[in-house]
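For reference, final.txt is printed below; it contains compact mmCIF, C-alpha atoms and all ligand atoms.
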```
# COMPACT_ATOMS: atom_id res chain seq x y z
CA ALA A 1 146.54 259.84 -98.93
CA LEU A 2 150.10 259.78 -97.58
CA PRO A 3 151.99 256.56 -98.42
CA ASP A 4 152.71 254.33 -95.41
CA GLY A 5 156.12 254.22 -93.74
CA THR A 6 157.62 251.74 -96.20
CA GLY A 7 156.18 253.72 -99.10
CA LEU A 8 157.76 256.93 -97.80
CA MET A 9 161.16 255.31 -97.37
CA THR A 10 160.92 253.98 -100.93
CA LEU A 11 159.97 257.44 -102.16
CA GLU A 12 162.99 258.94 -100.43
CA HIS A 13 165.29 256.27 -101.84
CA SER A 14 163.97 256.96 -105.33
CA HIS A 15 164.40 260.71 -105.28
CA GLY A 16 166.89 261.57 -102.56
CA ALA A 17 170.67 261.65 -102.78
CA ARG A 18 172.24 258.69 -100.99
CA ASN A 19 174.30 260.73 -98.55
CA TYR A 20 172.56 259.32 -95.46
CA ALA A 21 171.62 255.83 -94.32
CA PRO A 22 168.86 256.56 -91.78
CA LEU A 23 167.54 254.01 -89.32
CA PRO A 24 164.31 252.55 -90.73
CA VAL A 25 161.78 254.70 -88.89
CA VAL A 26 159.63 257.44 -90.41
CA LEU A 27 158.89 260.08 -87.81
CA ARG A 28 155.62 261.93 -87.81
CA GLY A 29 155.32 263.78 -84.53
CA GLY A 30 157.08 264.70 -81.35
CA GLU A 31 156.50 266.25 -77.97
CA GLY A 32 159.14 266.78 -75.31
CA CYS A 33 161.39 263.72 -75.33
CA TRP A 34 158.95 261.52 -77.23
CA LEU A 35 158.70 260.92 -80.95
CA TRP A 36 156.22 258.77 -82.82
CA ASP A 37 156.27 257.24 -86.25
CA SER A 38 153.70 256.98 -89.01
CA ALA A 39 152.44 253.66 -87.61
CA GLY A 40 151.86 255.24 -84.19
CA HIS A 41 154.82 253.62 -82.36
CA ARG A 42 156.34 255.77 -79.66
CA TYR A 43 160.07 256.29 -79.07
CA LEU A 44 162.16 258.06 -76.46
CA ASP A 45 164.54 260.43 -78.25
CA MET A 46 168.03 259.80 -76.91
CA MET A 47 169.74 261.55 -79.82
CA SER A 48 168.11 265.02 -79.88
CA ALA A 49 169.07 265.52 -83.54
CA TYR A 50 172.78 265.45 -82.67
CA SER A 51 172.09 267.69 -79.64
CA ALA A 52 170.14 270.31 -81.60
CA VAL A 53 166.90 269.49 -79.79
CA SER A 54 168.14 270.06 -76.24
CA LEU A 55 164.83 271.67 -75.25
CA GLY A 56 162.79 268.72 -76.49
CA HIS A 57 160.34 268.68 -79.37
CA GLY A 58 157.85 271.50 -79.63
CA HIS A 59 158.79 273.31 -76.43
CA PRO A 60 155.72 275.55 -75.85
CA ARG A 61 157.77 278.68 -75.17
CA LEU A 62 159.86 278.20 -78.31
CA VAL A 63 156.83 277.47 -80.46
CA ALA A 64 155.03 280.54 -79.08
CA ALA A 65 158.04 282.79 -79.71
CA LEU A 66 158.40 281.45 -83.23
CA GLU A 67 154.69 281.89 -83.98
CA ARG A 68 154.64 285.43 -82.63
CA GLN A 69 157.69 286.48 -84.58
CA VAL A 70 156.88 284.71 -87.84
CA ARG A 71 153.67 286.74 -88.07
CA ARG A 72 155.56 289.97 -87.43
CA LEU A 73 158.78 289.62 -89.41
CA ALA A 74 161.07 286.75 -90.38
CA VAL A 75 163.81 287.60 -92.87
CA THR A 76 165.12 290.91 -94.16
CA SER A 77 168.85 290.10 -94.49
CA ARG A 78 171.68 292.07 -92.91
CA ALA A 79 171.27 294.85 -95.44
CA TYR A 80 169.20 296.47 -92.65
CA TYR A 81 169.06 296.28 -88.87
CA ASN A 82 166.22 294.34 -87.30
CA GLU A 83 164.68 294.65 -83.84
CA ARG A 84 165.73 291.21 -82.62
CA LEU A 85 169.38 290.61 -83.55
CA PRO A 86 170.92 293.31 -81.32
CA LEU A 87 169.25 291.71 -78.30
CA LEU A 88 170.63 288.28 -79.17
CA LEU A 89 174.15 289.64 -79.69
CA GLU A 90 174.09 291.46 -76.34
CA ARG A 91 172.81 288.33 -74.60
CA LEU A 92 175.44 286.06 -76.17
CA CYS A 93 178.24 288.43 -75.23
CA GLN A 94 177.01 288.84 -71.64
CA LEU A 95 176.33 285.15 -71.11
CA PHE A 96 179.67 283.92 -72.44
CA GLY A 97 181.90 286.92 -71.70
CA TYR A 98 182.98 288.00 -75.18
CA GLU A 99 182.99 291.41 -76.81
CA ARG A 100 181.46 290.41 -80.12
CA ALA A 101 179.28 287.75 -81.74
CA LEU A 102 178.79 286.95 -85.40
CA PRO A 103 175.58 285.08 -86.26
CA VAL A 104 175.32 282.59 -89.09
CA ASN A 105 173.12 279.52 -89.57
CA THR A 106 174.70 276.09 -89.38
CA GLY A 107 177.58 274.72 -87.36
CA LEU A 108 179.83 274.40 -90.36
CA GLU A 109 179.22 278.01 -91.32
CA ALA A 110 180.22 279.18 -87.87
CA VAL A 111 183.38 277.02 -88.03
CA GLU A 112 184.24 278.53 -91.43
CA THR A 113 183.63 281.96 -89.91
CA ALA A 114 186.06 281.20 -87.10
CA LEU A 115 188.71 279.91 -89.50
CA LYS A 116 188.40 282.97 -91.72
CA ALA A 117 188.68 285.24 -88.70
CA ALA A 118 191.74 283.35 -87.46
CA ARG A 119 193.52 283.49 -90.81
CA LYS A 120 192.89 287.16 -91.30
CA TRP A 121 193.91 287.82 -87.70
CA ALA A 122 197.18 285.97 -88.30
CA TYR A 123 197.81 288.06 -91.39
CA GLN A 124 196.82 291.43 -89.97
CA VAL A 125 197.70 291.18 -86.29
CA LYS A 126 200.33 288.46 -85.97
CA GLY A 127 202.09 289.46 -89.18
CA VAL A 128 201.98 286.09 -90.91
CA ALA A 129 202.78 286.45 -94.61
CA PRO A 130 199.75 286.61 -96.94
CA GLU A 131 198.17 283.22 -97.70
CA ARG A 132 200.42 281.41 -95.25
CA ALA A 133 198.31 281.17 -92.08
CA GLU A 134 197.93 277.64 -90.76
CA ILE A 135 195.13 276.02 -88.80
CA ILE A 136 195.77 273.04 -86.54
CA ALA A 137 192.94 270.64 -85.65
CA CYS A 138 192.85 267.20 -84.01
CA ASP A 139 192.74 263.64 -85.22
CA GLY A 140 189.20 262.31 -84.86
CA ASN A 141 187.65 265.77 -85.09
CA PHE A 142 184.31 266.65 -86.57
CA HIS A 143 183.66 270.27 -87.48
CA GLY A 144 181.36 269.93 -90.50
CA ARG A 145 181.61 268.99 -94.14
CA SER A 146 182.69 271.93 -96.28
CA ILE A 147 185.74 271.30 -98.42
CA THR A 148 187.97 273.30 -96.08
CA ILE A 149 186.64 271.57 -93.01
CA VAL A 150 186.89 268.03 -94.37
CA GLY A 151 190.41 269.08 -95.37
CA LEU A 152 191.05 269.13 -91.61
CA SER A 153 189.48 265.72 -91.03
CA SER A 154 191.36 262.51 -90.30
CA GLU A 155 188.43 260.45 -91.56
CA ALA A 156 189.25 258.88 -94.94
CA GLN A 157 185.59 258.67 -95.95
CA TYR A 158 185.00 262.38 -95.37
CA ARG A 159 187.98 263.28 -97.56
CA GLU A 160 188.19 260.69 -100.29
CA GLY A 161 187.43 262.17 -103.68
CA PHE A 162 186.64 265.64 -102.34
CA GLY A 163 190.08 267.21 -102.62
CA PRO A 164 192.12 269.18 -103.36
CA PHE A 165 191.84 270.95 -100.04
CA PRO A 166 193.15 274.39 -99.15
CA PRO A 167 196.75 274.42 -97.91
CA GLY A 168 197.70 275.23 -94.33
CA LEU A 169 195.48 272.63 -92.68
CA ARG A 170 197.25 270.45 -90.14
CA ARG A 171 196.41 267.91 -87.48
CA VAL A 172 197.74 266.65 -84.18
CA PRO A 173 196.65 263.74 -81.95
CA TYR A 174 193.71 264.62 -79.68
CA GLY A 175 194.53 264.83 -75.99
CA ASP A 176 198.26 265.39 -76.47
CA ALA A 177 199.28 268.95 -75.56
CA ALA A 178 202.98 268.31 -76.21
CA ALA A 179 202.14 267.30 -79.79
CA LEU A 180 200.29 270.58 -80.23
CA GLU A 181 203.28 272.55 -79.01
CA ALA A 182 205.58 270.65 -81.36
CA ALA A 183 203.28 271.33 -84.32
CA ILE A 184 202.99 275.07 -83.77
CA GLY A 185 205.13 277.11 -86.12
CA PRO A 186 205.51 280.81 -86.88
CA ASP A 187 202.60 280.69 -89.35
CA THR A 188 200.12 278.99 -87.00
CA ALA A 189 196.96 281.07 -86.69
CA ALA A 190 194.73 278.90 -84.58
CA PHE A 191 194.16 275.62 -82.83
CA LEU A 192 190.61 274.38 -83.41
CA VAL A 193 189.39 271.81 -80.90
CA GLU A 194 186.25 270.16 -79.52
CA PRO A 195 186.43 270.13 -75.68
CA ILE A 196 184.84 266.68 -75.95
CA GLN A 197 184.81 265.02 -79.36
CA GLY A 198 181.23 264.27 -80.32
CA GLU A 199 181.05 262.59 -83.72
CA GLY A 200 184.42 261.02 -82.91
CA GLY A 201 182.58 258.89 -80.34
CA VAL A 202 182.17 261.06 -77.20
CA VAL A 203 185.90 261.15 -76.52
CA LEU A 204 187.00 262.96 -73.36
CA PRO A 205 190.58 264.20 -73.39
CA PRO A 206 192.70 263.76 -70.24
CA ALA A 207 191.98 266.22 -67.42
CA GLY A 208 194.05 269.36 -67.83
CA TYR A 209 194.46 268.96 -71.58
CA LEU A 210 192.47 272.01 -72.61
CA GLU A 211 194.12 274.12 -69.94
CA ALA A 212 197.55 273.05 -71.20
CA CYS A 213 196.51 273.86 -74.78
CA ALA A 214 195.32 277.30 -73.68
CA GLU A 215 198.65 278.00 -72.04
CA ILE A 216 200.59 276.82 -75.09
CA CYS A 217 198.44 278.84 -77.49
CA LYS A 218 198.87 281.95 -75.38
CA ARG A 219 202.64 281.54 -75.20
CA HIS A 220 202.92 281.11 -78.98
CA HIS A 221 200.39 283.81 -79.86
CA VAL A 222 198.04 281.27 -81.43
CA LEU A 223 194.26 281.52 -81.12
CA LEU A 224 192.51 278.78 -79.18
CA ILE A 225 189.12 278.19 -80.80
CA CYS A 226 186.70 275.79 -79.15
CA ASP A 227 184.03 274.18 -81.28
CA GLU A 228 181.12 273.96 -78.83
CA VAL A 229 178.53 273.31 -81.53
CA GLN A 230 177.63 269.98 -79.94
CA THR A 231 179.03 270.34 -76.41
CA GLY A 232 177.79 273.86 -75.69
CA LEU A 233 174.63 275.23 -74.09
CA GLY A 234 174.36 272.80 -71.22
CA ARG A 235 174.90 269.51 -73.02
CA THR A 236 177.83 268.50 -70.77
CA GLY A 237 176.50 270.07 -67.58
CA ALA A 238 178.11 273.49 -68.10
CA TRP A 239 177.16 276.37 -70.37
CA LEU A 240 180.35 275.55 -72.28
CA ALA A 241 182.31 272.32 -71.95
CA CYS A 242 185.56 274.33 -71.83
CA GLN A 243 184.35 275.85 -68.56
CA HIS A 244 184.80 272.47 -66.84
CA GLU A 245 188.51 273.05 -67.43
CA GLY A 246 188.41 276.70 -66.41
CA VAL A 247 189.43 277.69 -69.92
CA ARG A 248 188.29 280.82 -71.75
CA PRO A 249 189.15 280.29 -75.43
CA ASP A 250 189.92 283.17 -77.81
CA GLY A 251 186.94 282.09 -79.89
CA VAL A 252 183.88 279.95 -79.26
CA ILE A 253 181.64 278.36 -81.88
CA LEU A 254 177.99 277.69 -81.03
CA GLY A 255 175.28 276.03 -83.10
CA LYS A 256 172.75 273.22 -82.91
CA ALA A 257 170.83 273.88 -79.65
CA LEU A 258 171.14 277.64 -80.17
CA GLY A 259 168.26 277.30 -82.63
CA GLY A 260 166.03 275.80 -79.95
CA GLY A 261 165.57 272.70 -82.09
CA LEU A 262 163.45 274.72 -84.51
CA LEU A 263 165.82 276.61 -86.77
CA PRO A 264 169.46 276.56 -87.82
CA VAL A 265 171.18 279.24 -85.74
CA SER A 266 174.91 279.40 -85.05
CA ALA A 267 177.41 282.00 -83.95
CA PHE A 268 181.08 282.71 -83.56
CA LEU A 269 182.06 284.58 -80.39
CA ALA A 270 185.35 286.43 -79.87
CA ASP A 271 186.80 289.67 -78.58
CA ARG A 272 187.36 292.76 -80.70
CA ALA A 273 191.04 291.97 -81.25
CA VAL A 274 189.98 288.99 -83.35
CA MET A 275 186.51 289.83 -84.59
CA ASP A 276 187.38 293.28 -85.81
CA VAL A 277 189.46 291.85 -88.64
CA PHE A 278 186.12 291.62 -90.45
CA ARG A 279 185.05 294.72 -92.33
CA PRO A 280 181.71 295.22 -94.12
CA GLY A 281 181.52 292.83 -97.05
CA ASP A 282 184.25 290.44 -95.82
CA HIS A 283 181.90 287.77 -94.64
CA GLY A 284 178.21 287.14 -94.17
CA SER A 285 175.15 285.09 -94.92
CA THR A 286 171.68 286.01 -96.19
CA PHE A 287 169.83 284.27 -93.37
CA GLY A 288 172.36 284.82 -90.57
CA GLY A 289 170.88 286.82 -87.70
CA ASN A 290 167.41 287.14 -89.18
CA SER A 291 164.58 288.28 -86.92
CA LEU A 292 163.07 284.83 -86.60
CA ALA A 293 166.38 283.10 -85.88
CA ALA A 294 167.38 285.75 -83.34
CA THR A 295 164.01 285.50 -81.58
CA VAL A 296 164.19 281.73 -81.31
CA ALA A 297 167.82 281.73 -80.16
CA LEU A 298 167.13 284.34 -77.52
CA GLU A 299 164.17 282.35 -76.23
CA ALA A 300 166.23 279.14 -76.28
CA LEU A 301 168.87 280.80 -74.06
CA ASN A 302 166.12 282.09 -71.74
CA VAL A 303 164.57 278.64 -71.44
CA ILE A 304 167.93 276.97 -70.73
CA GLU A 305 168.58 279.52 -67.99
CA GLU A 306 165.10 279.74 -66.47
CA GLU A 307 164.47 275.98 -66.47
CA GLY A 308 167.92 275.34 -64.98
CA LEU A 309 168.81 272.94 -67.79
CA VAL A 310 172.58 273.29 -67.38
CA GLU A 311 172.44 272.15 -63.77
CA ARG A 312 169.85 269.53 -64.71
CA SER A 313 172.15 268.10 -67.37
CA ALA A 314 174.95 267.79 -64.83
CA ARG A 315 172.72 266.13 -62.22
CA LEU A 316 170.80 263.76 -64.49
CA GLY A 317 173.95 263.03 -66.45
CA ARG A 318 175.67 261.77 -63.29
CA HIS A 319 172.65 259.60 -62.50
CA PHE A 320 172.41 258.15 -66.00
CA LEU A 321 176.16 257.63 -66.39
CA ALA A 322 176.30 255.77 -63.07
CA GLY A 323 173.36 253.60 -64.16
CA LEU A 324 175.00 252.77 -67.46
CA GLN A 325 178.38 252.12 -65.87
CA ALA A 326 176.74 249.67 -63.47
CA LEU A 327 175.41 247.56 -66.36
CA ASP A 328 177.15 244.23 -66.42
CA SER A 329 177.00 243.45 -70.11
CA PRO A 330 179.54 241.50 -72.15
CA ALA A 331 178.77 243.89 -75.04
CA ILE A 332 180.11 246.99 -73.27
CA ARG A 333 183.74 247.99 -73.34
CA GLN A 334 183.43 251.42 -71.72
CA VAL A 335 180.78 253.96 -70.77
CA ARG A 336 181.97 257.55 -70.70
CA GLY A 337 180.60 261.05 -70.85
CA ARG A 338 179.85 264.30 -69.12
CA GLY A 339 176.41 265.66 -68.35
CA LEU A 340 173.84 264.27 -70.77
CA PHE A 341 176.51 263.58 -73.38
CA ILE A 342 177.33 259.91 -73.09
CA GLY A 343 179.00 257.33 -75.29
CA VAL A 344 178.69 253.59 -74.82
CA GLU A 345 181.65 251.94 -76.47
CA LEU A 346 180.97 248.36 -77.44
CA VAL A 347 183.40 245.47 -77.74
CA PRO A 348 184.72 245.21 -81.30
CA GLU A 349 182.79 242.03 -82.12
CA ILE A 350 179.50 243.89 -81.75
CA ASP A 351 178.22 246.22 -84.44
CA ALA A 352 176.82 249.44 -82.98
CA ARG A 353 174.35 249.81 -85.83
CA THR A 354 172.79 246.41 -85.08
CA LEU A 355 172.33 247.44 -81.47
CA CYS A 356 170.77 250.75 -82.53
CA LEU A 357 168.25 248.77 -84.57
CA ARG A 358 167.41 246.65 -81.54
CA LEU A 359 167.12 249.73 -79.36
CA LEU A 360 164.77 251.18 -81.97
CA GLU A 361 162.58 248.08 -81.62
CA ALA A 362 162.68 248.61 -77.87
CA GLY A 363 161.43 252.20 -78.29
CA ILE A 364 164.69 254.11 -77.98
CA LEU A 365 166.20 256.30 -80.67
CA THR A 366 170.00 256.48 -80.60
CA LYS A 367 172.77 256.76 -83.13
CA ASP A 368 175.88 254.73 -83.79
CA THR A 369 179.16 256.48 -84.46
CA HIS A 370 182.24 254.75 -85.84
CA GLN A 371 180.75 251.23 -85.69
CA THR A 372 181.63 250.84 -82.02
CA VAL A 373 180.02 253.67 -80.08
CA ILE A 374 176.38 254.37 -79.28
CA ARG A 375 175.77 258.00 -78.41
CA LEU A 376 173.19 258.86 -75.78
CA ALA A 377 172.34 262.56 -75.75
CA PRO A 378 168.68 263.04 -74.82
CA PRO A 379 166.95 266.42 -74.63
CA LEU A 380 168.04 268.21 -71.44
CA VAL A 381 164.39 268.42 -70.35
CA ILE A 382 164.29 264.63 -69.89
CA THR A 383 163.13 263.36 -66.49
CA GLU A 384 164.84 260.91 -64.17
CA ALA A 385 161.93 258.51 -64.69
CA GLN A 386 162.37 258.64 -68.45
CA LEU A 387 166.11 257.98 -68.09
CA ASP A 388 165.37 254.98 -65.87
CA TRP A 389 162.82 253.75 -68.42
CA ALA A 390 165.56 253.98 -71.07
CA LEU A 391 168.14 252.36 -68.81
CA ALA A 392 165.94 249.30 -68.25
CA ARG A 393 165.50 248.85 -72.00
CA ILE A 394 169.16 249.44 -72.77
CA ALA A 395 170.04 246.84 -70.13
CA ARG A 396 167.68 244.36 -71.78
CA VAL A 397 169.01 244.96 -75.29
CA LEU A 398 172.64 244.82 -74.18
CA GLY A 399 171.99 241.58 -72.35
CA SER A 400 173.05 242.88 -68.95
CA ARG A 401 173.52 240.06 -66.47
N1 LIG A 501 181.00 271.06 -85.10
C1 LIG A 501 180.67 270.01 -84.33
C2 LIG A 501 181.43 269.75 -83.07
C3 LIG A 501 179.60 269.18 -84.70
O1 LIG A 501 179.28 268.13 -83.94
C4 LIG A 501 178.90 269.47 -85.89
C5 LIG A 501 177.73 268.63 -86.36
N2 LIG A 501 177.66 267.34 -85.91
C6 LIG A 501 179.29 270.58 -86.66
C7 LIG A 501 180.34 271.35 -86.22
C8 LIG A 501 178.60 270.93 -87.94
O2 LIG A 501 177.34 271.43 -87.69
P1 LIG A 501 176.26 271.51 -88.87
O3 LIG A 501 175.84 270.10 -89.16
O4 LIG A 501 175.16 272.35 -88.30
O5 LIG A 501 176.92 272.16 -90.02
```
Output the file's structure in the form of structure tokens.
Ligand code: PMP
Amino acid sequence: ALPDGTGLMTLEHSHGARNYAPLPVVLRGGEGCWLWDSAGHRYLDMMSAYSAVSLGHGHPRLVAALERQVRRLAVTSRAYYNERLPLLLERLCQLFGYERALPVNTGLEAVETALKAARKWAYQVKGVAPERAEIIACDGNFHGRSITIVGLSSEAQYREGFGPFPPGLRRVPYGDAAALEAAIGPDTAAFLVEPIQGEGGVVLPPAGYLEACAEICKRHHVLLICDEVQTGLGRTGAWLACQHEGVRPDGVILGKALGGGLLPVSAFLADRAVMDVFRPGDHGSTFGGNSLAATVALEALNVIEEEGLVERSARLGRHFLAGLQALDSPAIRQVRGRGLFIGVELVPEIDARTLCLRLLEAGILTKDTHQTVIRLAPPLVITEAQLDWALARIARVLGSR
């Protein structure tokens, strides 16, 4: 028989690397916005696997598409064409208005893809000397955990002991367009930015920031690349968070929810002028764009569109944000967000992790970031009643007056 919850956690501690410190709950099943553990307790999922499960757990259309395709064909690599990938590429390009899409698997892989494209573009198109192209990112960013990407991080823990990092990686303060302009030099290839910082604690830059960055990048012939791995596909109440600012970046990175919560699927989108720096053999990935991944991603996009989840995220996000902002709790410093992407910043005396544990006891799964922020990012299929159910419990745990 399967060990009980405590037994399973012990088993994981004995054999697993210690690179995570999960909340003490062992999940067994899920449906829609609900999850349950091995003891049969039920929880409302307000984390959606860092926004990967935007369609909820086990969405019937996604499961059916996956089942159909897995029986037909799953993986053949990009050594051959398959019947599903071309349809996904066409759909991505039409939906987001780019000429080309490059499919890979995880968010970090798509970020690496974008950085490689930008560097080669700088070399080939902009005329930057070989091996000189620079990338600028922001303080507080999160783009993944490869050595190159943590080389862009301002987080000491992500970097410490993992260097040396590749040269040409720079950083500017988030939300400060003048600082970006001052940092741009002749060798700058790209500015990589999250339209709203996710792991950084749901940080919204000042209105007009992204638009100003776009203008600066254009003027200096620098690529603007938006990492929409977490913010994209309806999470913030728009297909892309950069669309709130009326900005069309030179490159867009998608991941997480693109896999419908079932598979790792990511992509880098750009026009030919950038993407065509890649020639056969330059870049790739065994599993990127496989038949199964392409089928699931295509169905995920269809579900988001046909169920109106982008509009739903905007509408329910406004409702939930207003409810949270109305809480009168001494524990809360600020509630902020856009769509169903919300951060509750706590006063410094209160540890976010402790509150997450109490929310867990109250039947709500959330995640602390940076000790002071609780992120609330439920599946976009959540109902108003479920949000109100969560709000009542959050109010209780936070000691709202
Ligand atoms: N970019 C952003 C904005 C992210 O939030 C994340 C993951 N939290 C990543 C990239 C990396 O994605 P993955 O974990 O799939 O590599």
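Excluding A:Gly40 and any residue on its chain fewer than 5 positions from it, the residues at most 12 Å away by all atoms listed in the file are Asp4, Gly5, Val25, Val26, Leu27, Arg28, Gly29, Gly30, Trp34, Leu35 and Gly363 of chain A.
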Which protein, DNA or RNA residues have an atom within 9 Å of ligand LIG 501 (chain A), counting only C-alpha atoms and all ligand atoms, as number ranges by chain?
A: 50-52, 105-111, 141-146, 193-200, 226-231, 253-256, 264-266
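In this structure, atom CA of A:Asn19 sits 14.0 Å away from atom CA of A:Glu160.
A search radius of 9 Å centred on (174.2, 283.0, -93.5), applied to only C-alpha atoms, returns the residues Ser77, Pro103, Val104, Asn105, Thr106, Glu109, Gly284, Ser285, Thr286, Phe287, Gly288 and Gly289 of chain A.
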Between A:Gly281, A:Arg42, A:Leu262, A:Phe191, which residue has the minimum interatomic distance to A:Val296, considering only C-alpha atoms?
A:Leu262
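Here atom CA of A:Gln124 is placed at a distance of 19.7 Å from atom CA of A:Ala101.
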